[in-house]
>>> print(open('structure06.txt').read())   # compact mmCIF, C-alpha atoms
# COMPACT_ATOMS: atom_id res chain seq x y z
CA MET A 5 -10.14 12.37 -0.03
CA SER A 6 -8.85 15.94 -0.13
CA ILE A 7 -8.54 18.14 2.95
CA ASP A 8 -11.45 20.49 3.65
CA LEU A 9 -9.58 23.80 3.88
CA ASN A 10 -12.65 25.66 5.12
CA LYS A 11 -12.87 23.39 8.18
CA ILE A 12 -9.15 23.77 8.79
CA LYS A 13 -9.43 27.56 8.69
CA LEU A 14 -12.47 27.52 10.99
CA ARG A 15 -10.64 25.37 13.52
CA LEU A 16 -7.57 27.64 13.34
CA ASN A 17 -9.72 30.69 14.03
CA LYS A 18 -11.28 29.03 17.06
CA LEU A 19 -7.87 28.07 18.46
CA GLN A 20 -6.58 31.59 17.90
CA ASN A 21 -9.60 33.01 19.72
CA ASN A 22 -9.01 30.65 22.65
CA THR A 23 -5.35 31.60 22.81
CA SER A 24 -6.15 35.31 22.97
CA SER A 25 -9.09 35.07 25.37
CA LYS A 26 -7.03 35.52 28.54
CA SER A 27 -5.32 38.66 27.27
CA VAL A 28 -8.62 40.44 26.58
CA MET A 29 -10.12 39.64 29.98
CA TRP A 30 -9.39 41.93 32.90
CA ARG A 31 -9.83 41.28 36.58
CA PRO A 32 -9.25 43.93 39.26
CA GLU A 33 -6.48 43.42 41.77
CA VAL A 34 -6.76 44.13 45.47
CA GLY A 35 -6.60 47.87 45.98
CA LYS A 36 -7.64 50.83 43.85
CA GLN A 37 -7.49 51.13 40.09
CA VAL A 38 -9.02 53.57 37.63
CA ILE A 39 -10.95 52.36 34.61
CA ARG A 40 -12.94 53.85 31.76
CA ILE A 41 -15.88 52.03 30.19
CA VAL A 42 -15.72 52.46 26.43
CA PRO A 43 -18.44 52.07 23.79
CA TYR A 44 -18.63 48.54 22.44
CA LYS A 45 -17.76 48.50 18.76
CA PHE A 46 -20.25 45.76 17.93
CA ASN A 47 -23.14 47.31 19.85
CA PRO A 48 -22.56 51.08 20.21
CA SER A 49 -25.94 51.65 21.88
CA ASN A 50 -25.19 49.27 24.77
CA PRO A 51 -21.70 48.35 26.02
CA PHE A 52 -22.93 45.57 28.32
CA PHE A 53 -22.89 41.92 27.23
CA GLU A 54 -25.08 39.57 29.28
CA GLY A 55 -24.00 35.96 29.00
CA LEU A 56 -25.47 32.80 30.47
CA PHE A 57 -22.68 30.48 31.59
CA TYR A 58 -22.12 26.96 32.90
CA TYR A 59 -19.21 26.65 35.31
CA ASN A 60 -19.74 23.06 36.49
CA MET A 61 -20.67 21.17 33.35
CA GLY A 62 -17.08 20.34 32.47
CA PRO A 63 -13.47 21.45 32.90
CA ARG A 64 -14.08 24.76 31.09
CA THR A 65 -16.54 27.62 31.25
CA ILE A 66 -19.34 27.06 28.73
CA LEU A 67 -21.41 29.84 27.18
CA SER A 68 -24.99 28.61 26.84
CA PRO A 69 -26.58 28.80 23.38
CA SER A 70 -29.59 30.31 25.15
CA THR A 71 -27.57 33.53 25.41
CA PHE A 72 -28.39 33.95 21.72
CA SER A 73 -31.99 32.66 21.97
CA GLU A 74 -30.97 29.21 20.73
CA SER A 75 -32.22 25.93 22.21
CA ASP A 76 -30.19 24.45 25.05
CA PRO A 77 -30.81 20.80 26.08
CA VAL A 78 -29.58 21.48 29.63
CA ILE A 79 -32.30 24.08 30.11
CA GLU A 80 -34.84 21.71 28.55
CA PHE A 81 -33.76 19.02 31.00
CA ALA A 82 -33.96 21.44 33.94
CA ASN A 83 -37.43 22.59 32.92
CA ASN A 84 -38.61 18.99 32.67
CA LEU A 85 -37.11 18.34 36.07
CA LYS A 86 -39.19 21.17 37.52
CA ARG A 87 -42.36 19.63 36.12
CA THR A 88 -42.06 16.51 38.26
CA GLY A 89 -43.72 18.47 41.05
CA GLU A 90 -41.05 17.53 43.59
CA THR A 91 -39.40 20.30 45.60
CA GLU A 92 -35.97 18.68 45.43
CA ASP A 93 -36.29 18.27 41.67
CA TRP A 94 -37.15 21.95 41.31
CA ARG A 95 -34.17 23.01 43.42
CA ALA A 96 -31.83 20.71 41.50
CA ALA A 97 -33.12 22.16 38.24
CA LYS A 98 -32.42 25.72 39.38
CA ARG A 99 -28.84 24.75 40.22
CA MET A 100 -28.36 23.30 36.76
CA GLU A 101 -29.44 26.40 34.89
CA PRO A 102 -26.78 28.68 33.37
CA LYS A 103 -25.78 31.69 35.45
CA LEU A 104 -25.86 35.31 34.34
CA ARG A 105 -22.61 37.23 34.15
CA THR A 106 -22.17 40.64 32.56
CA TYR A 107 -19.14 41.99 30.72
CA VAL A 108 -18.19 45.48 29.57
CA PRO A 109 -15.20 46.79 27.57
CA VAL A 110 -12.79 48.93 29.58
CA ILE A 111 -9.51 50.78 29.39
CA VAL A 112 -7.48 50.44 32.59
CA ARG A 113 -5.59 53.61 33.40
CA ASP A 114 -1.80 53.14 33.66
CA GLU A 115 -2.27 49.97 31.62
CA GLU A 116 -3.44 51.64 28.43
CA ASN A 117 -0.86 49.72 26.42
CA GLU A 118 -2.98 46.60 26.97
CA GLY A 119 -5.77 48.13 24.94
CA VAL A 120 -9.46 47.38 25.40
CA ARG A 121 -10.23 44.46 27.71
CA PHE A 122 -13.42 43.00 29.15
CA TRP A 123 -14.37 43.22 32.80
CA GLY A 124 -16.92 40.73 34.15
CA PHE A 125 -19.09 41.23 37.23
CA GLY A 126 -22.27 40.14 39.00
CA LYS A 127 -25.68 41.62 39.65
CA THR A 128 -24.85 44.22 42.30
CA VAL A 129 -22.09 45.94 40.33
CA TYR A 130 -24.21 45.77 37.18
CA GLN A 131 -27.14 47.48 38.88
CA GLU A 132 -24.87 50.17 40.29
CA LEU A 133 -23.38 50.95 36.89
CA LEU A 134 -26.81 51.07 35.24
CA ALA A 135 -28.07 53.41 37.96
CA VAL A 136 -25.14 55.78 37.37
CA ILE A 137 -25.69 55.86 33.61
CA ALA A 138 -29.44 56.44 34.11
CA ASP A 139 -28.75 59.36 36.44
CA PRO A 140 -28.90 62.65 34.46
CA ASP A 141 -26.30 64.13 36.81
CA TYR A 142 -23.78 61.70 35.35
CA GLY A 143 -25.16 60.90 31.92
CA ASP A 144 -23.28 58.75 29.45
CA ILE A 145 -20.06 57.96 31.30
CA THR A 146 -18.85 55.98 28.26
CA ASP A 147 -18.79 58.97 25.90
CA PRO A 148 -15.29 59.18 24.31
CA MET A 149 -15.21 62.98 24.59
CA SER A 150 -17.19 63.79 27.75
CA GLY A 151 -17.35 60.57 29.71
CA ARG A 152 -16.04 59.85 33.19
CA ASP A 153 -13.42 57.54 34.66
CA ILE A 154 -14.32 55.22 37.53
CA THR A 155 -12.24 54.51 40.60
CA LEU A 156 -12.68 50.86 41.44
CA GLU A 157 -11.60 49.55 44.83
CA TYR A 158 -11.33 45.79 45.15
CA ILE A 159 -11.31 44.62 48.77
CA SER A 160 -10.22 41.12 49.73
CA ALA A 161 -12.50 38.91 51.79
CA ASP A 162 -10.10 39.08 54.76
CA GLU A 163 -9.95 42.86 54.67
CA ALA A 164 -13.73 43.12 54.25
CA GLY A 165 -14.26 40.70 57.11
CA LYS A 166 -16.53 38.58 54.95
CA SER A 167 -16.44 35.28 53.13
CA TYR A 168 -16.23 37.04 49.77
CA PRO A 169 -14.44 40.09 48.33
CA GLU A 170 -16.12 43.43 47.71
CA THR A 171 -16.01 45.89 44.84
CA ARG A 172 -16.61 49.58 45.48
CA LEU A 173 -17.12 52.09 42.69
CA ARG A 174 -16.75 55.86 42.63
CA VAL A 175 -17.47 57.72 39.43
CA LYS A 176 -15.16 60.69 39.04
CA PRO A 177 -16.92 64.08 38.93
CA ASN A 178 -14.84 65.52 36.10
CA GLN A 179 -15.72 64.80 32.50
CA THR A 180 -12.66 63.87 30.47
CA PRO A 181 -11.85 62.54 27.00
CA LEU A 182 -11.01 58.88 26.59
CA HIS A 183 -7.51 59.97 25.53
CA GLU A 184 -5.93 63.32 24.75
CA ASP A 185 -4.77 61.90 21.44
CA ASP A 186 -7.86 61.56 19.24
CA ALA A 187 -6.12 59.00 17.04
CA LYS A 188 -5.37 56.80 20.06
CA ALA A 189 -8.93 57.06 21.33
CA LYS A 190 -10.22 56.15 17.87
CA SER A 191 -7.96 53.09 17.77
CA TRP A 192 -9.44 51.87 21.07
CA LEU A 193 -12.94 52.26 19.70
CA GLU A 194 -12.11 50.32 16.56
CA ASP A 195 -9.62 47.71 17.78
CA GLN A 196 -11.92 45.52 19.87
CA GLN A 197 -12.56 41.81 19.88
CA LYS A 198 -16.11 40.57 19.54
CA ILE A 199 -16.75 39.19 23.01
CA GLU A 200 -19.15 36.53 21.77
CA GLU A 201 -16.23 34.93 19.91
CA ILE A 202 -14.12 34.45 23.02
CA TRP A 203 -16.12 31.38 23.98
CA ASN A 204 -16.91 28.61 21.52
CA VAL A 205 -20.67 28.16 21.81
CA PRO A 206 -21.46 24.41 21.61
CA SER A 207 -24.06 23.12 19.22
CA TYR A 208 -27.26 21.54 20.52
CA ASP A 209 -25.84 18.03 20.04
CA GLU A 210 -22.58 18.95 21.75
CA MET A 211 -24.45 20.38 24.73
CA ASN A 212 -26.57 17.23 24.87
CA ASP A 213 -23.45 15.04 24.98
CA MET A 214 -22.00 17.21 27.76
CA LEU A 215 -25.21 16.89 29.74
CA LYS A 216 -25.27 13.09 29.41
CA SER A 217 -21.63 12.79 30.45
CA TRP A 218 -22.18 15.10 33.40
CA LEU A 219 -25.26 13.22 34.62
CA GLU A 220 -23.43 9.91 34.29
CA GLY A 221 -20.45 11.27 36.19
CA THR A 222 -18.03 10.59 33.33
CA THR A 223 -17.03 14.24 32.95
CA ASP A 224 -14.99 16.12 35.53
CA ASP A 225 -16.88 19.02 37.05
CA GLY A 226 -15.29 22.37 36.38
CA ASP A 227 -12.91 23.53 39.05
CA GLY A 228 -14.98 26.68 39.22
CA GLU A 229 -12.16 28.95 38.13
CA GLY A 230 -13.72 30.02 34.84
CA GLU A 231 -10.58 30.51 32.79
CA SER A 232 -12.22 32.82 30.29
CA ASP A 233 -13.61 34.97 33.08
CA SER A 234 -10.67 35.52 35.33
CA GLY A 235 -7.56 34.31 33.58
CA SER A 236 -5.11 32.67 35.95
CA SER A 237 -6.41 34.36 39.09
CA GLY A 238 -7.31 31.11 40.80
CA PHE A 239 -10.60 32.67 41.80
CA LYS A 240 -13.34 30.12 42.25
CA LEU A 241 -16.66 30.85 40.60
CA ASN A 242 -18.97 29.33 43.19
CA GLN A 243 -22.25 29.37 41.36
CA SER A 244 -25.61 30.54 42.64
CA ASP A 245 -25.98 33.65 40.54
CA ASP A 246 -28.85 35.97 39.86
CA SER A 247 -30.01 34.57 36.53
CA SER A 248 -33.29 33.41 38.03
CA SER A 249 -34.40 37.05 38.17
CA LYS A 250 -33.52 37.73 34.54
CA THR A 251 -36.13 37.44 31.84
CA SER A 252 -34.26 35.59 29.13
CA PRO A 253 -34.48 32.76 26.61
CA THR A 254 -34.34 30.37 29.57
CA ASP A 255 -37.99 31.20 30.23
CA LYS A 256 -39.18 29.28 27.16
CA VAL A 257 -41.68 26.46 27.65
CA TYR A 258 -40.41 23.13 26.45
CA ASN A 259 -42.11 19.78 25.87
CA GLU A 260 -43.41 17.77 28.80
CA PRO A 261 -41.08 15.00 30.01
CA LYS A 262 -41.78 11.57 28.60
CA GLU A 263 -40.76 9.94 31.85
CA LYS A 264 -39.85 10.94 35.35
CA VAL A 265 -36.22 11.97 35.74
CA SER A 266 -34.10 9.36 37.50
CA THR A 267 -33.10 9.78 41.13
CA LYS A 268 -29.48 9.58 40.03
CA SER A 269 -29.95 12.67 37.90
CA VAL A 270 -31.47 14.56 40.80
CA GLU A 271 -28.66 13.51 43.12
CA ARG A 272 -26.10 14.51 40.55
CA ALA A 273 -27.64 17.98 40.18
CA SER A 274 -28.05 18.34 43.93
CA ALA A 275 -24.36 17.62 44.41
CA VAL A 276 -23.59 20.95 42.80
CA ASP A 277 -25.18 22.79 45.73
CA GLN A 278 -21.97 23.05 47.72
CA VAL A 279 -20.27 24.66 44.73
CA THR A 280 -23.19 26.91 43.82
CA LYS A 281 -24.62 28.29 47.04
CA ASP A 282 -22.16 31.20 47.54
CA PHE A 283 -22.01 32.56 43.99
CA ASP A 284 -24.45 35.44 44.44
CA ALA A 285 -22.63 36.68 47.51
CA LEU A 286 -19.25 36.14 45.90
CA PHE A 287 -20.08 38.31 42.90
CA SER A 288 -22.34 40.78 44.69
CA GLY A 289 -19.54 43.26 44.63
>>> encode(input="structure06.txt", output="structure tokens")
Amino acid sequence: MSIDLNKIKLRLNKLQNNTSSKSVMWRPEVGKQVIRIVPYKFNPSNPFFEGLFYYNMGPRTILSPSTFSESDPVIEFANNLKRTGETEDWRAAKRMEPKLRTYVPVIVRDEENEGVRFWGFGKTVYQELLAVIADPDYGDITDPMSGRDITLEYISADEAGKSYPETRLRVKPNQTPLHEDDAKAKSWLEDQQKIEEIWNVPSYDEMNDMLKSWLEGTTDDGDGEGESDSGSSGFKLNQSDDSSSKTSPTDKVYNEPKEKVSTKSVERASAVDQVTKDFDALFSG
């Protein structure tokens, strides 16, 4: 039997994408830094990418197929769990659902040689950025010619006196070009990775196998660090995000359960609570 070169090439591309994923992700350091949101090459009308992620289904961050309006057996299972009518089942189901996290392409000032990278954040920062863009006094802060830089201050939990860090944003009043060199600015607009390709989206069958292994306890829960999100920061992604308030493909109605979900499944899902309960607060800034 001859080698299927198409499959070999596909696998090579996936491995290359995984290898480069850390370099295109950016995470703010404690202190102040200046960034510029740039138009997203693959969706010029909207630079924000909203992804639905699993952080506890295995050792790696998993991008749910539901992000792209595709069926996800974990969501089907969670919806069936809700239909049992039991409060604990409903709570366990909510913990199982993928969590919303938003990314945007940015240039980090004084690190321009790194090119365009993606910054990920939670609901509070997302709402603040949308409010700024919607404000006519600011307008399109991503415009390459007349946009605005943003001063981002990242405050550690200890300094903030809280159990989670804070992110403070201040949009600069002056309108400035993305770069004084038009050719350089153009290269940033064109030389971007498609963010959807950073994560390998599992097929329906692969997600189903992950779910079964997770429910049976044969798969290690993720350590919560979300490699693709934060690189080697060691920052735990304690999940309890804001996806419940987002109208998305997760709102589909699936078939009724054929049988009541086992107590073991409920206990397994409930065990995630300690990992999930602080996520919203953790990413609120």
>>> closest_residue(input="structure06.txt", among="A:Pro43, A:Gly55, A:Gly62, A:Pro169", to="A:Arg105", atoms="only C-alpha atoms")
A:Gly55
>>> closest_residue(input="structure06.txt", among="A:Asn178, A:Asp162, A:Leu56, A:Ile154", to="A:Val112", atoms="all atoms listed in the file")
A:Ile154
>>> residues_near_point(input="structure06.txt", point="(-12.9, 43.5, 50.3)", cutoff="12 Å", atoms="all atoms listed in the file", output="JSON, numbers by chain")
{"A": [32, 33, 34, 35, 36, 156, 157, 158, 159, 160, 161, 162, 163, 164, 165, 166, 167, 168, 169, 170, 171, 172, 286, 287, 288, 289]}
>>> closest_atom_pairs(input="structure06.txt", of="stretch 188-214 of chain A", to="stretch 44-53 of chain A", cutoff="9 Å", atoms="all atoms listed in the file", output="JSON lines")
{"residue": "A:Leu193", "atom": "CA", "partner": "A:Lys45", "partner_atom": "CA", "distance": 6.2}
{"residue": "A:Glu194", "atom": "CA", "partner": "A:Lys45", "partner_atom": "CA", "distance": 6.3}
{"residue": "A:Asp195", "atom": "CA", "partner": "A:Lys45", "partner_atom": "CA", "distance": 8.2}
{"residue": "A:Gln196", "atom": "CA", "partner": "A:Lys45", "partner_atom": "CA", "distance": 6.6}
{"residue": "A:Gln197", "atom": "CA", "partner": "A:Lys45", "partner_atom": "CA", "distance": 8.5}
{"residue": "A:Lys198", "atom": "CA", "partner": "A:Phe46", "partner_atom": "CA", "distance": 6.8}
{"residue": "A:Ile199", "atom": "CA", "partner": "A:Phe53", "partner_atom": "CA", "distance": 7.9}
{"residue": "A:Glu200", "atom": "CA", "partner": "A:Phe53", "partner_atom": "CA", "distance": 8.5}
>>> closest_residue(input="structure06.txt", among="A:Arg99, A:Arg31, A:Lys176, A:Lys216", to="A:Ile145", atoms="only C-alpha atoms")
A:Lys176
>>> atom_distance(input="structure06.txt", atom1="atom CA of A:Phe72", atom2="atom CA of A:Pro206")
11.8 Å
>>> atom_distance(input="structure06.txt", atom1="atom CA of A:Gln131", atom2="atom CA of A:Val42")
17.6 Å
>>> atom_distance(input="structure06.txt", atom1="atom CA of A:Asp144", atom2="atom CA of A:Lys103")
27.8 Å
>>> residues_around(input="structure06.txt", residues="A:Gly119", least_positions_apart="4", cutoff="8 Å", atoms="all atoms listed in the file", output="list in words")
Ile111, Glu115 and Trp192 of chain A
>>> closest_residue(input="structure06.txt", among="A:Met29, A:Ile79, A:Met100, A:Leu219", to="A:Gly124", atoms="only C-alpha atoms")
A:Met29
>>> residues_around(input="structure06.txt", residues="A:Asp209", least_positions_apart="2", cutoff="12 Å", atoms="all atoms listed in the file", output="number ranges by chain")
A: 69, 75-78, 205-207, 211-216
>>> closest_residue(input="structure06.txt", among="A:Arg174, A:Ser73, A:Ser191, A:Leu134", to="A:Asn117", atoms="all atoms listed in the file")
A:Ser191
